[in-house]
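I have placed the structure first, in the form of structure tokens, so that the comments after it can refer back to it.
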Amino acid sequence: MLLLAGLWPGSLAALVLGLGVGRLAGPPASPAIPAALGIATLVLAGIALAGIVPGTAGFWLESAVAMLAPYLAGCALGALARRLAGVRPSEPPTT
């Protein structure tokens with residue numbers, strides 16, 4: 001909890017960045033992509049909470065996980081907002 005108290009500005013920035021990226025990119029084409037990202041986040045969070053990685057590298061891992069989760073949540077919310085707004089994916093360019 002102490003880590004989140006110090007990293008809340010970065011987590012908030014990651015959430016806002018994720019909202020923008022999700023809004024611009026829209027929902028993924030395959031449901032396997034969000035599932036894989038969610039599993040990877042859970043595995044990294046488990047490693048960080050277990051304390052497997054010591055020292056500075058462990059702090060960097062904990063910081064990355066603390067910012068990855070809000071980023072992915074922001075991406076999901078931004079993509080949902082795009083879908084609810086009715087924005088269609090752009091058609092591929094023709095040459």
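A note on labels: chains of the structure tokens are A, B, ... as shown, every chain counts residues from 1, and ligands are counted from 1 in their shown order.
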
Can you tell me, as a PyMOL selection string, what residues are no more than 9 Å from stretch 45-47 of chain A when counting only C-alpha atoms, ignoring any on the same chain fewer than 3 positions away?
chain A and resi 40-42+50-53+61-62+65-66

C-alpha atoms of the current selection, written as a PDB file, in the first residue's frame:
```
ATOM      1  CA  ALA A  40       0.536 -11.560 -17.808  1.00  0.00           C
ATOM      2  CA  THR A  41      -0.435  -8.785 -15.375  1.00  0.00           C
ATOM      3  CA  LEU A  42      -1.565 -11.320 -12.769  1.00  0.00           C
ATOM      4  CA  ALA A  50       5.949 -12.852  -3.551  1.00  0.00           C
ATOM      5  CA  GLY A  51       9.145 -10.807  -3.386  1.00  0.00           C
ATOM      6  CA  ILE A  52      11.027 -13.094  -5.768  1.00  0.00           C
ATOM      7  CA  VAL A  53      12.933 -10.200  -7.312  1.00  0.00           C
ATOM      8  CA  LEU A  61       8.858  -4.592 -11.118  1.00  0.00           C
ATOM      9  CA  GLU A  62       6.421  -3.504  -8.412  1.00  0.00           C
ATOM     10  CA  VAL A  65       2.809  -3.647 -12.176  1.00  0.00           C
ATOM     11  CA  ALA A  66       1.322  -0.750 -10.188  1.00  0.00           C
TER      12      ALA A  66
END
```

Just want the 9 Å neighbourhood of A:Val21, counted on only C-alpha atoms, with same-chain residues fewer than 5 positions away dropped. Output as an NGL selection string.
:A and (16 or 26 or 74-75 or 78-79)

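Minimum atom-to-atom distances from A:Pro31, A:Gly38, A:Gly22, A:Pro9 to A:Leu77 were compared using only C-alpha atoms, and the lowest value belongs to A:Gly22.
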
Could you please write out, as a compact mmCIF listing (two decimals) with all heavy atoms, in the first residue's frame, every residue of chain A that DSSP assigns to alpha helix (DSSP H)?
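Contents of states_26.txt, freshly written:
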```
# COMPACT_ATOMS: atom_id res chain seq x y z
N LEU A 2 2.01 1.16 0.68
CA LEU A 2 2.92 2.29 0.71
C LEU A 2 3.42 2.62 -0.70
O LEU A 2 3.58 3.79 -1.05
CB LEU A 2 4.09 1.99 1.64
CG LEU A 2 5.11 3.11 1.82
CD1 LEU A 2 4.44 4.33 2.43
CD2 LEU A 2 6.24 2.64 2.71
N LEU A 3 3.63 1.58 -1.50
CA LEU A 3 4.09 1.79 -2.87
C LEU A 3 3.06 2.60 -3.66
O LEU A 3 3.40 3.54 -4.38
CB LEU A 3 4.37 0.46 -3.56
CG LEU A 3 4.84 0.53 -5.00
CD1 LEU A 3 6.23 1.14 -5.05
CD2 LEU A 3 4.86 -0.85 -5.62
N LEU A 4 1.77 2.25 -3.52
CA LEU A 4 0.73 2.98 -4.24
C LEU A 4 0.59 4.41 -3.75
O LEU A 4 0.24 5.30 -4.52
CB LEU A 4 -0.60 2.25 -4.11
CG LEU A 4 -0.71 0.95 -4.89
CD1 LEU A 4 -2.07 0.32 -4.66
CD2 LEU A 4 -0.49 1.18 -6.36
N ALA A 5 0.87 4.64 -2.46
CA ALA A 5 0.78 5.99 -1.94
C ALA A 5 1.80 6.90 -2.62
O ALA A 5 1.53 8.08 -2.83
CB ALA A 5 0.99 5.98 -0.43
N GLY A 6 2.94 6.37 -2.96
CA GLY A 6 3.96 7.17 -3.61
C GLY A 6 3.84 7.21 -5.12
O GLY A 6 4.38 8.12 -5.76
N LEU A 7 3.16 6.25 -5.68
CA LEU A 7 3.08 6.16 -7.14
C LEU A 7 1.71 6.54 -7.71
O LEU A 7 1.43 6.28 -8.88
CB LEU A 7 3.43 4.73 -7.59
CG LEU A 7 4.86 4.29 -7.33
CD1 LEU A 7 5.06 2.85 -7.77
CD2 LEU A 7 5.84 5.19 -8.04
N TRP A 8 0.85 7.14 -6.90
CA TRP A 8 -0.47 7.46 -7.41
C TRP A 8 -0.44 8.44 -8.58
O TRP A 8 -1.28 8.32 -9.49
CB TRP A 8 -1.42 7.93 -6.31
CG TRP A 8 -1.15 9.29 -5.77
CD1 TRP A 8 -0.41 9.61 -4.68
CD2 TRP A 8 -1.61 10.53 -6.32
NE1 TRP A 8 -0.38 10.96 -4.50
CE2 TRP A 8 -1.11 11.56 -5.50
CE3 TRP A 8 -2.39 10.87 -7.41
CZ2 TRP A 8 -1.36 12.89 -5.74
CZ3 TRP A 8 -2.65 12.21 -7.65
CH2 TRP A 8 -2.14 13.20 -6.83
N PRO A 9 0.47 9.40 -8.65
CA PRO A 9 0.48 10.26 -9.84
C PRO A 9 0.79 9.48 -11.12
O PRO A 9 0.17 9.70 -12.16
CB PRO A 9 1.56 11.30 -9.55
CG PRO A 9 1.73 11.30 -8.08
CD PRO A 9 1.46 9.90 -7.66
N GLY A 10 1.74 8.55 -11.03
CA GLY A 10 2.05 7.73 -12.19
C GLY A 10 0.91 6.80 -12.56
O GLY A 10 0.62 6.59 -13.75
N SER A 11 0.23 6.26 -11.56
CA SER A 11 -0.91 5.39 -11.83
C SER A 11 -2.05 6.17 -12.46
O SER A 11 -2.72 5.68 -13.37
CB SER A 11 -1.38 4.72 -10.54
OG SER A 11 -0.39 3.87 -10.04
N LEU A 12 -2.27 7.39 -11.99
CA LEU A 12 -3.31 8.23 -12.58
C LEU A 12 -2.95 8.59 -14.02
O LEU A 12 -3.81 8.55 -14.91
CB LEU A 12 -3.50 9.50 -11.74
CG LEU A 12 -4.56 10.47 -12.24
CD1 LEU A 12 -5.94 9.83 -12.22
CD2 LEU A 12 -4.55 11.73 -11.40
N ALA A 13 -1.69 8.91 -14.26
CA ALA A 13 -1.25 9.21 -15.62
C ALA A 13 -1.38 7.99 -16.52
O ALA A 13 -1.78 8.11 -17.69
CB ALA A 13 0.20 9.70 -15.61
N ALA A 14 -1.08 6.80 -15.99
CA ALA A 14 -1.23 5.57 -16.78
C ALA A 14 -2.69 5.34 -17.12
O ALA A 14 -3.01 4.92 -18.25
CB ALA A 14 -0.66 4.38 -16.00
N LEU A 15 -3.60 5.61 -16.19
CA LEU A 15 -5.03 5.46 -16.45
C LEU A 15 -5.50 6.41 -17.54
O LEU A 15 -6.19 6.01 -18.48
CB LEU A 15 -5.83 5.68 -15.17
CG LEU A 15 -7.34 5.60 -15.30
CD1 LEU A 15 -7.78 4.17 -15.56
CD2 LEU A 15 -8.02 6.16 -14.07
N VAL A 16 -5.08 7.67 -17.45
CA VAL A 16 -5.48 8.66 -18.45
C VAL A 16 -4.88 8.32 -19.82
O VAL A 16 -5.57 8.41 -20.85
CB VAL A 16 -5.06 10.08 -18.00
CG1 VAL A 16 -5.25 11.11 -19.10
CG2 VAL A 16 -5.83 10.47 -16.75
N LEU A 17 -3.62 7.89 -19.84
CA LEU A 17 -3.00 7.49 -21.09
C LEU A 17 -3.73 6.28 -21.68
O LEU A 17 -3.98 6.22 -22.89
CB LEU A 17 -1.53 7.16 -20.86
CG LEU A 17 -0.72 6.74 -22.09
CD1 LEU A 17 -0.66 7.89 -23.08
CD2 LEU A 17 0.67 6.32 -21.68
N GLY A 18 -4.08 5.32 -20.84
CA GLY A 18 -4.82 4.15 -21.30
C GLY A 18 -6.18 4.53 -21.87
O GLY A 18 -6.62 3.96 -22.87
N LEU A 19 -6.86 5.49 -21.23
CA LEU A 19 -8.15 5.95 -21.77
C LEU A 19 -7.98 6.51 -23.17
O LEU A 19 -8.78 6.21 -24.07
CB LEU A 19 -8.74 7.02 -20.85
CG LEU A 19 -9.39 6.54 -19.57
CD1 LEU A 19 -9.68 7.72 -18.64
CD2 LEU A 19 -10.65 5.76 -19.84
N GLY A 20 -6.95 7.31 -23.36
CA GLY A 20 -6.71 7.88 -24.69
C GLY A 20 -6.36 6.83 -25.72
O GLY A 20 -6.88 6.84 -26.84
N VAL A 21 -5.48 5.91 -25.36
CA VAL A 21 -5.07 4.87 -26.30
C VAL A 21 -6.24 3.96 -26.63
O VAL A 21 -6.47 3.61 -27.80
CB VAL A 21 -3.88 4.07 -25.73
CG1 VAL A 21 -3.61 2.83 -26.55
CG2 VAL A 21 -2.64 4.94 -25.67
N GLY A 22 -7.01 3.58 -25.62
CA GLY A 22 -8.17 2.73 -25.87
C GLY A 22 -9.21 3.41 -26.73
O GLY A 22 -9.84 2.78 -27.59
N ARG A 23 -9.40 4.71 -26.53
CA ARG A 23 -10.36 5.46 -27.33
C ARG A 23 -9.91 5.56 -28.78
O ARG A 23 -10.71 5.45 -29.71
CB ARG A 23 -10.52 6.87 -26.74
CG ARG A 23 -11.44 7.76 -27.49
CD ARG A 23 -12.88 7.50 -27.11
NE ARG A 23 -13.73 8.56 -27.63
CZ ARG A 23 -14.64 8.35 -28.56
NH1 ARG A 23 -14.84 7.16 -29.04
NH2 ARG A 23 -15.38 9.34 -28.99
N LEU A 24 -8.61 5.75 -28.98
CA LEU A 24 -8.10 5.86 -30.35
C LEU A 24 -8.05 4.51 -31.05
O LEU A 24 -8.37 4.40 -32.24
CB LEU A 24 -6.71 6.49 -30.35
CG LEU A 24 -6.64 7.96 -30.00
CD1 LEU A 24 -5.19 8.40 -29.88
CD2 LEU A 24 -7.37 8.79 -31.04
N ALA A 25 -7.63 3.47 -30.34
CA ALA A 25 -7.43 2.17 -30.97
C ALA A 25 -8.71 1.36 -31.06
O ALA A 25 -8.89 0.57 -31.98
CB ALA A 25 -6.38 1.38 -30.20
N ALA A 32 -8.57 -12.96 -27.31
CA ALA A 32 -7.39 -13.58 -26.71
C ALA A 32 -6.37 -12.53 -26.27
O ALA A 32 -5.60 -12.78 -25.33
CB ALA A 32 -6.75 -14.54 -27.70
N ILE A 33 -6.36 -11.38 -26.90
CA ILE A 33 -5.38 -10.34 -26.57
C ILE A 33 -5.61 -9.81 -25.15
O ILE A 33 -4.69 -9.80 -24.34
CB ILE A 33 -5.40 -9.23 -27.62
CG1 ILE A 33 -4.92 -9.78 -28.96
CG2 ILE A 33 -4.54 -8.05 -27.18
CD1 ILE A 33 -5.10 -8.84 -30.12
N PRO A 34 -6.84 -9.37 -24.78
CA PRO A 34 -7.02 -8.90 -23.41
C PRO A 34 -6.84 -10.01 -22.38
O PRO A 34 -6.35 -9.76 -21.28
CB PRO A 34 -8.45 -8.37 -23.37
CG PRO A 34 -8.92 -8.32 -24.75
CD PRO A 34 -8.02 -9.13 -25.59
N ALA A 35 -7.20 -11.23 -22.73
CA ALA A 35 -7.02 -12.35 -21.81
C ALA A 35 -5.53 -12.58 -21.54
O ALA A 35 -5.12 -12.76 -20.38
CB ALA A 35 -7.66 -13.61 -22.37
N ALA A 36 -4.72 -12.55 -22.57
CA ALA A 36 -3.28 -12.75 -22.40
C ALA A 36 -2.66 -11.61 -21.59
O ALA A 36 -1.80 -11.85 -20.73
CB ALA A 36 -2.60 -12.87 -23.76
N LEU A 37 -3.08 -10.37 -21.85
CA LEU A 37 -2.56 -9.24 -21.08
C LEU A 37 -2.98 -9.32 -19.62
O LEU A 37 -2.20 -9.00 -18.73
CB LEU A 37 -3.03 -7.92 -21.70
CG LEU A 37 -2.39 -7.54 -23.02
CD1 LEU A 37 -3.08 -6.32 -23.60
CD2 LEU A 37 -0.92 -7.27 -22.83
N GLY A 38 -4.20 -9.76 -19.36
CA GLY A 38 -4.66 -9.92 -17.99
C GLY A 38 -3.89 -11.00 -17.26
O GLY A 38 -3.49 -10.82 -16.09
N ILE A 39 -3.64 -12.12 -17.92
CA ILE A 39 -2.87 -13.21 -17.31
C ILE A 39 -1.43 -12.76 -17.04
O ILE A 39 -0.88 -13.03 -15.98
CB ILE A 39 -2.91 -14.47 -18.19
CG1 ILE A 39 -4.32 -15.06 -18.17
CG2 ILE A 39 -1.88 -15.49 -17.75
CD1 ILE A 39 -4.55 -16.16 -19.19
N ALA A 40 -0.83 -12.05 -18.00
CA ALA A 40 0.54 -11.56 -17.81
C ALA A 40 0.61 -10.59 -16.63
O ALA A 40 1.55 -10.63 -15.83
CB ALA A 40 1.04 -10.89 -19.08
N THR A 41 -0.40 -9.72 -16.49
CA THR A 41 -0.43 -8.78 -15.37
C THR A 41 -0.56 -9.52 -14.05
O THR A 41 0.12 -9.18 -13.07
CB THR A 41 -1.60 -7.80 -15.54
OG1 THR A 41 -1.45 -7.11 -16.78
CG2 THR A 41 -1.63 -6.78 -14.41
N LEU A 42 -1.41 -10.55 -14.00
CA LEU A 42 -1.57 -11.32 -12.77
C LEU A 42 -0.29 -12.07 -12.41
O LEU A 42 0.08 -12.15 -11.23
CB LEU A 42 -2.74 -12.30 -12.91
CG LEU A 42 -4.13 -11.66 -12.91
CD1 LEU A 42 -5.20 -12.71 -13.16
CD2 LEU A 42 -4.38 -10.92 -11.61
N VAL A 43 0.39 -12.62 -13.41
CA VAL A 43 1.66 -13.32 -13.14
C VAL A 43 2.71 -12.35 -12.61
O VAL A 43 3.40 -12.64 -11.62
CB VAL A 43 2.16 -14.04 -14.41
CG1 VAL A 43 3.58 -14.52 -14.25
CG2 VAL A 43 1.24 -15.20 -14.76
N LEU A 44 2.82 -11.19 -13.25
CA LEU A 44 3.79 -10.19 -12.78
C LEU A 44 3.43 -9.69 -11.38
O LEU A 44 4.32 -9.47 -10.55
CB LEU A 44 3.86 -9.03 -13.76
CG LEU A 44 4.55 -9.32 -15.09
CD1 LEU A 44 4.40 -8.13 -16.02
CD2 LEU A 44 6.00 -9.67 -14.88
N ALA A 45 2.14 -9.50 -11.11
CA ALA A 45 1.73 -9.07 -9.77
C ALA A 45 2.06 -10.15 -8.74
O ALA A 45 2.49 -9.83 -7.63
CB ALA A 45 0.24 -8.76 -9.76
N GLY A 46 1.88 -11.41 -9.09
CA GLY A 46 2.22 -12.49 -8.18
C GLY A 46 3.71 -12.53 -7.88
O GLY A 46 4.12 -12.71 -6.73
N ILE A 47 4.52 -12.32 -8.91
CA ILE A 47 5.97 -12.29 -8.71
C ILE A 47 6.35 -11.11 -7.82
O ILE A 47 7.18 -11.23 -6.92
CB ILE A 47 6.70 -12.23 -10.06
CG1 ILE A 47 6.53 -13.54 -10.82
CG2 ILE A 47 8.18 -11.92 -9.88
CD1 ILE A 47 7.01 -13.50 -12.26
N ALA A 48 5.73 -9.95 -8.07
CA ALA A 48 6.05 -8.76 -7.27
C ALA A 48 5.62 -8.95 -5.82
O ALA A 48 6.36 -8.60 -4.90
CB ALA A 48 5.37 -7.54 -7.87
N LEU A 49 4.43 -9.51 -5.59
CA LEU A 49 3.94 -9.69 -4.22
C LEU A 49 4.71 -10.78 -3.47
O LEU A 49 4.86 -10.70 -2.25
CB LEU A 49 2.45 -10.02 -4.24
CG LEU A 49 1.54 -8.86 -4.63
CD1 LEU A 49 0.10 -9.33 -4.76
CD2 LEU A 49 1.64 -7.73 -3.62
N ALA A 50 5.19 -11.77 -4.19
CA ALA A 50 5.95 -12.85 -3.55
C ALA A 50 7.35 -12.40 -3.16
O ALA A 50 8.00 -13.05 -2.34
CB ALA A 50 6.03 -14.06 -4.48
N GLY A 55 15.63 -6.11 -4.19
CA GLY A 55 16.36 -4.87 -4.43
C GLY A 55 15.69 -3.92 -5.40
O GLY A 55 14.47 -3.83 -5.50
N THR A 56 16.54 -3.21 -6.12
CA THR A 56 16.07 -2.19 -7.05
C THR A 56 15.25 -2.78 -8.17
O THR A 56 14.23 -2.21 -8.57
CB THR A 56 17.26 -1.41 -7.64
OG1 THR A 56 18.05 -0.90 -6.55
CG2 THR A 56 16.80 -0.28 -8.51
N ALA A 57 15.66 -3.94 -8.66
CA ALA A 57 14.89 -4.59 -9.73
C ALA A 57 13.49 -4.95 -9.25
O ALA A 57 12.52 -4.84 -10.00
CB ALA A 57 15.62 -5.83 -10.22
N GLY A 58 13.37 -5.36 -8.01
CA GLY A 58 12.06 -5.67 -7.45
C GLY A 58 11.19 -4.43 -7.34
O GLY A 58 9.98 -4.48 -7.60
N PHE A 59 11.79 -3.31 -6.96
CA PHE A 59 11.04 -2.06 -6.90
C PHE A 59 10.55 -1.66 -8.28
O PHE A 59 9.42 -1.21 -8.44
CB PHE A 59 11.90 -0.94 -6.31
CG PHE A 59 11.21 0.39 -6.30
CD1 PHE A 59 10.19 0.65 -5.41
CD2 PHE A 59 11.56 1.37 -7.21
CE1 PHE A 59 9.54 1.87 -5.41
CE2 PHE A 59 10.92 2.59 -7.23
CZ PHE A 59 9.91 2.84 -6.32
N TRP A 60 11.42 -1.81 -9.28
CA TRP A 60 11.00 -1.48 -10.65
C TRP A 60 9.86 -2.39 -11.11
O TRP A 60 8.93 -1.94 -11.77
CB TRP A 60 12.19 -1.60 -11.61
CG TRP A 60 13.09 -0.41 -11.54
CD1 TRP A 60 14.20 -0.27 -10.78
CD2 TRP A 60 12.94 0.80 -12.26
NE1 TRP A 60 14.76 0.96 -10.98
CE2 TRP A 60 14.01 1.65 -11.89
CE3 TRP A 60 12.03 1.27 -13.19
CZ2 TRP A 60 14.15 2.93 -12.39
CZ3 TRP A 60 12.20 2.54 -13.70
CH2 TRP A 60 13.25 3.35 -13.30
N LEU A 61 9.93 -3.66 -10.75
CA LEU A 61 8.86 -4.59 -11.12
C LEU A 61 7.56 -4.21 -10.43
O LEU A 61 6.50 -4.17 -11.07
CB LEU A 61 9.25 -6.02 -10.75
CG LEU A 61 8.18 -7.09 -11.01
CD1 LEU A 61 7.91 -7.21 -12.50
CD2 LEU A 61 8.61 -8.42 -10.43
N GLU A 62 7.62 -3.91 -9.14
CA GLU A 62 6.42 -3.50 -8.41
C GLU A 62 5.84 -2.21 -8.99
O GLU A 62 4.63 -2.07 -9.12
CB GLU A 62 6.75 -3.31 -6.94
CG GLU A 62 7.07 -4.61 -6.23
CD GLU A 62 7.63 -4.38 -4.83
OE1 GLU A 62 7.74 -3.21 -4.41
OE2 GLU A 62 7.96 -5.38 -4.18
N SER A 63 6.70 -1.28 -9.34
CA SER A 63 6.25 -0.02 -9.93
C SER A 63 5.59 -0.26 -11.28
O SER A 63 4.56 0.34 -11.60
CB SER A 63 7.42 0.95 -10.09
OG SER A 63 8.02 1.22 -8.85
N ALA A 64 6.19 -1.12 -12.08
CA ALA A 64 5.63 -1.41 -13.40
C ALA A 64 4.26 -2.06 -13.29
O ALA A 64 3.33 -1.71 -14.02
CB ALA A 64 6.58 -2.32 -14.18
N VAL A 65 4.11 -3.00 -12.37
CA VAL A 65 2.81 -3.65 -12.18
C VAL A 65 1.79 -2.64 -11.65
O VAL A 65 0.62 -2.65 -12.06
CB VAL A 65 2.94 -4.86 -11.23
CG1 VAL A 65 1.58 -5.40 -10.85
CG2 VAL A 65 3.77 -5.94 -11.89
N ALA A 66 2.23 -1.75 -10.74
CA ALA A 66 1.32 -0.75 -10.19
C ALA A 66 0.83 0.22 -11.25
O ALA A 66 -0.23 0.83 -11.09
CB ALA A 66 2.01 0.02 -9.07
N MET A 67 1.56 0.37 -12.35
CA MET A 67 1.13 1.27 -13.41
C MET A 67 0.54 0.52 -14.61
O MET A 67 -0.21 1.10 -15.39
CB MET A 67 2.30 2.15 -13.84
CG MET A 67 2.68 3.10 -12.76
SD MET A 67 3.92 4.25 -13.30
CE MET A 67 4.52 4.81 -11.73
N LEU A 68 0.86 -0.76 -14.74
CA LEU A 68 0.31 -1.54 -15.85
C LEU A 68 -1.18 -1.80 -15.66
O LEU A 68 -1.95 -1.71 -16.62
CB LEU A 68 1.07 -2.86 -15.99
CG LEU A 68 0.60 -3.80 -17.10
CD1 LEU A 68 0.77 -3.13 -18.46
CD2 LEU A 68 1.37 -5.11 -17.05
N ALA A 69 -1.57 -2.12 -14.45
CA ALA A 69 -2.99 -2.42 -14.20
C ALA A 69 -3.90 -1.23 -14.52
O ALA A 69 -4.90 -1.40 -15.24
CB ALA A 69 -3.16 -2.91 -12.77
N PRO A 70 -3.62 -0.01 -14.03
CA PRO A 70 -4.49 1.11 -14.42
C PRO A 70 -4.42 1.44 -15.90
O PRO A 70 -5.42 1.87 -16.49
CB PRO A 70 -4.00 2.29 -13.59
CG PRO A 70 -2.94 1.81 -12.72
CD PRO A 70 -2.67 0.38 -13.02
N TYR A 71 -3.26 1.22 -16.52
CA TYR A 71 -3.15 1.47 -17.96
C TYR A 71 -4.08 0.53 -18.73
O TYR A 71 -4.82 0.97 -19.61
CB TYR A 71 -1.71 1.30 -18.43
CG TYR A 71 -1.57 1.39 -19.92
CD1 TYR A 71 -1.63 2.61 -20.57
CD2 TYR A 71 -1.39 0.25 -20.69
CE1 TYR A 71 -1.51 2.70 -21.95
CE2 TYR A 71 -1.28 0.32 -22.06
CZ TYR A 71 -1.34 1.56 -22.69
OH TYR A 71 -1.25 1.63 -24.06
N LEU A 72 -4.05 -0.75 -18.39
CA LEU A 72 -4.91 -1.71 -19.08
C LEU A 72 -6.39 -1.44 -18.79
O LEU A 72 -7.23 -1.59 -19.68
CB LEU A 72 -4.53 -3.13 -18.69
CG LEU A 72 -3.17 -3.61 -19.20
CD1 LEU A 72 -2.87 -5.02 -18.68
CD2 LEU A 72 -3.09 -3.57 -20.71
N ALA A 73 -6.69 -1.05 -17.55
CA ALA A 73 -8.08 -0.69 -17.23
C ALA A 73 -8.52 0.52 -18.05
O ALA A 73 -9.65 0.57 -18.56
CB ALA A 73 -8.21 -0.41 -15.74
N GLY A 74 -7.64 1.51 -18.20
CA GLY A 74 -7.96 2.67 -19.01
C GLY A 74 -8.16 2.32 -20.47
O GLY A 74 -9.06 2.84 -21.13
N CYS A 75 -7.32 1.40 -20.98
CA CYS A 75 -7.49 0.95 -22.36
C CYS A 75 -8.85 0.29 -22.56
O CYS A 75 -9.54 0.53 -23.55
CB CYS A 75 -6.39 -0.03 -22.74
SG CYS A 75 -4.78 0.73 -23.04
N ALA A 76 -9.24 -0.53 -21.60
CA ALA A 76 -10.54 -1.21 -21.70
C ALA A 76 -11.68 -0.21 -21.64
O ALA A 76 -12.64 -0.30 -22.43
CB ALA A 76 -10.67 -2.24 -20.58
N LEU A 77 -11.60 0.76 -20.73
CA LEU A 77 -12.66 1.76 -20.62
C LEU A 77 -12.71 2.66 -21.86
O LEU A 77 -13.79 3.03 -22.33
CB LEU A 77 -12.46 2.61 -19.37
CG LEU A 77 -12.71 1.90 -18.05
CD1 LEU A 77 -12.30 2.79 -16.88
CD2 LEU A 77 -14.15 1.48 -17.93
N GLY A 78 -11.56 3.02 -22.39
CA GLY A 78 -11.53 3.84 -23.60
C GLY A 78 -12.10 3.11 -24.81
O GLY A 78 -12.84 3.68 -25.61
N ALA A 79 -11.78 1.82 -24.93
CA ALA A 79 -12.34 1.03 -26.03
C ALA A 79 -13.84 0.86 -25.88
O ALA A 79 -14.59 0.91 -26.86
CB ALA A 79 -11.66 -0.34 -26.08
N LEU A 80 -14.29 0.70 -24.63
CA LEU A 80 -15.72 0.59 -24.37
C LEU A 80 -16.43 1.90 -24.72
O LEU A 80 -17.51 1.89 -25.33
CB LEU A 80 -15.97 0.22 -22.92
CG LEU A 80 -17.42 0.09 -22.49
CD1 LEU A 80 -18.08 -1.08 -23.22
CD2 LEU A 80 -17.51 -0.10 -21.00
N ALA A 81 -15.82 3.02 -24.38
CA ALA A 81 -16.40 4.32 -24.72
C ALA A 81 -16.49 4.49 -26.23
O ALA A 81 -17.48 5.02 -26.75
CB ALA A 81 -15.57 5.44 -24.11
N ARG A 82 -15.48 4.03 -26.94
CA ARG A 82 -15.50 4.12 -28.41
C ARG A 82 -16.63 3.28 -28.98
O ARG A 82 -17.34 3.70 -29.88
CB ARG A 82 -14.15 3.68 -28.97
CG ARG A 82 -14.08 3.73 -30.47
CD ARG A 82 -12.74 3.21 -30.96
NE ARG A 82 -12.71 3.10 -32.39
CZ ARG A 82 -11.98 3.87 -33.18
NH1 ARG A 82 -11.22 4.80 -32.66
NH2 ARG A 82 -12.00 3.70 -34.47
N ARG A 83 -16.78 2.07 -28.42
CA ARG A 83 -17.84 1.18 -28.90
C ARG A 83 -19.21 1.77 -28.59
O ARG A 83 -20.11 1.74 -29.44
CB ARG A 83 -17.70 -0.20 -28.29
CG ARG A 83 -18.79 -1.14 -28.75
CD ARG A 83 -18.59 -2.52 -28.23
NE ARG A 83 -17.53 -3.14 -29.01
CZ ARG A 83 -17.03 -4.33 -28.76
NH1 ARG A 83 -17.48 -5.03 -27.74
NH2 ARG A 83 -16.09 -4.84 -29.51
N LEU A 84 -19.40 2.32 -27.38
CA LEU A 84 -20.69 2.89 -27.01
C LEU A 84 -21.01 4.15 -27.80
O LEU A 84 -22.17 4.46 -28.03
CB LEU A 84 -20.72 3.19 -25.51
CG LEU A 84 -20.72 1.96 -24.59
CD1 LEU A 84 -20.66 2.40 -23.13
CD2 LEU A 84 -21.92 1.08 -24.85
N ALA A 85 -19.97 4.87 -28.23
CA ALA A 85 -20.19 6.07 -29.04
C ALA A 85 -20.55 5.72 -30.48
O ALA A 85 -20.97 6.60 -31.23
CB ALA A 85 -18.94 6.94 -29.01
```
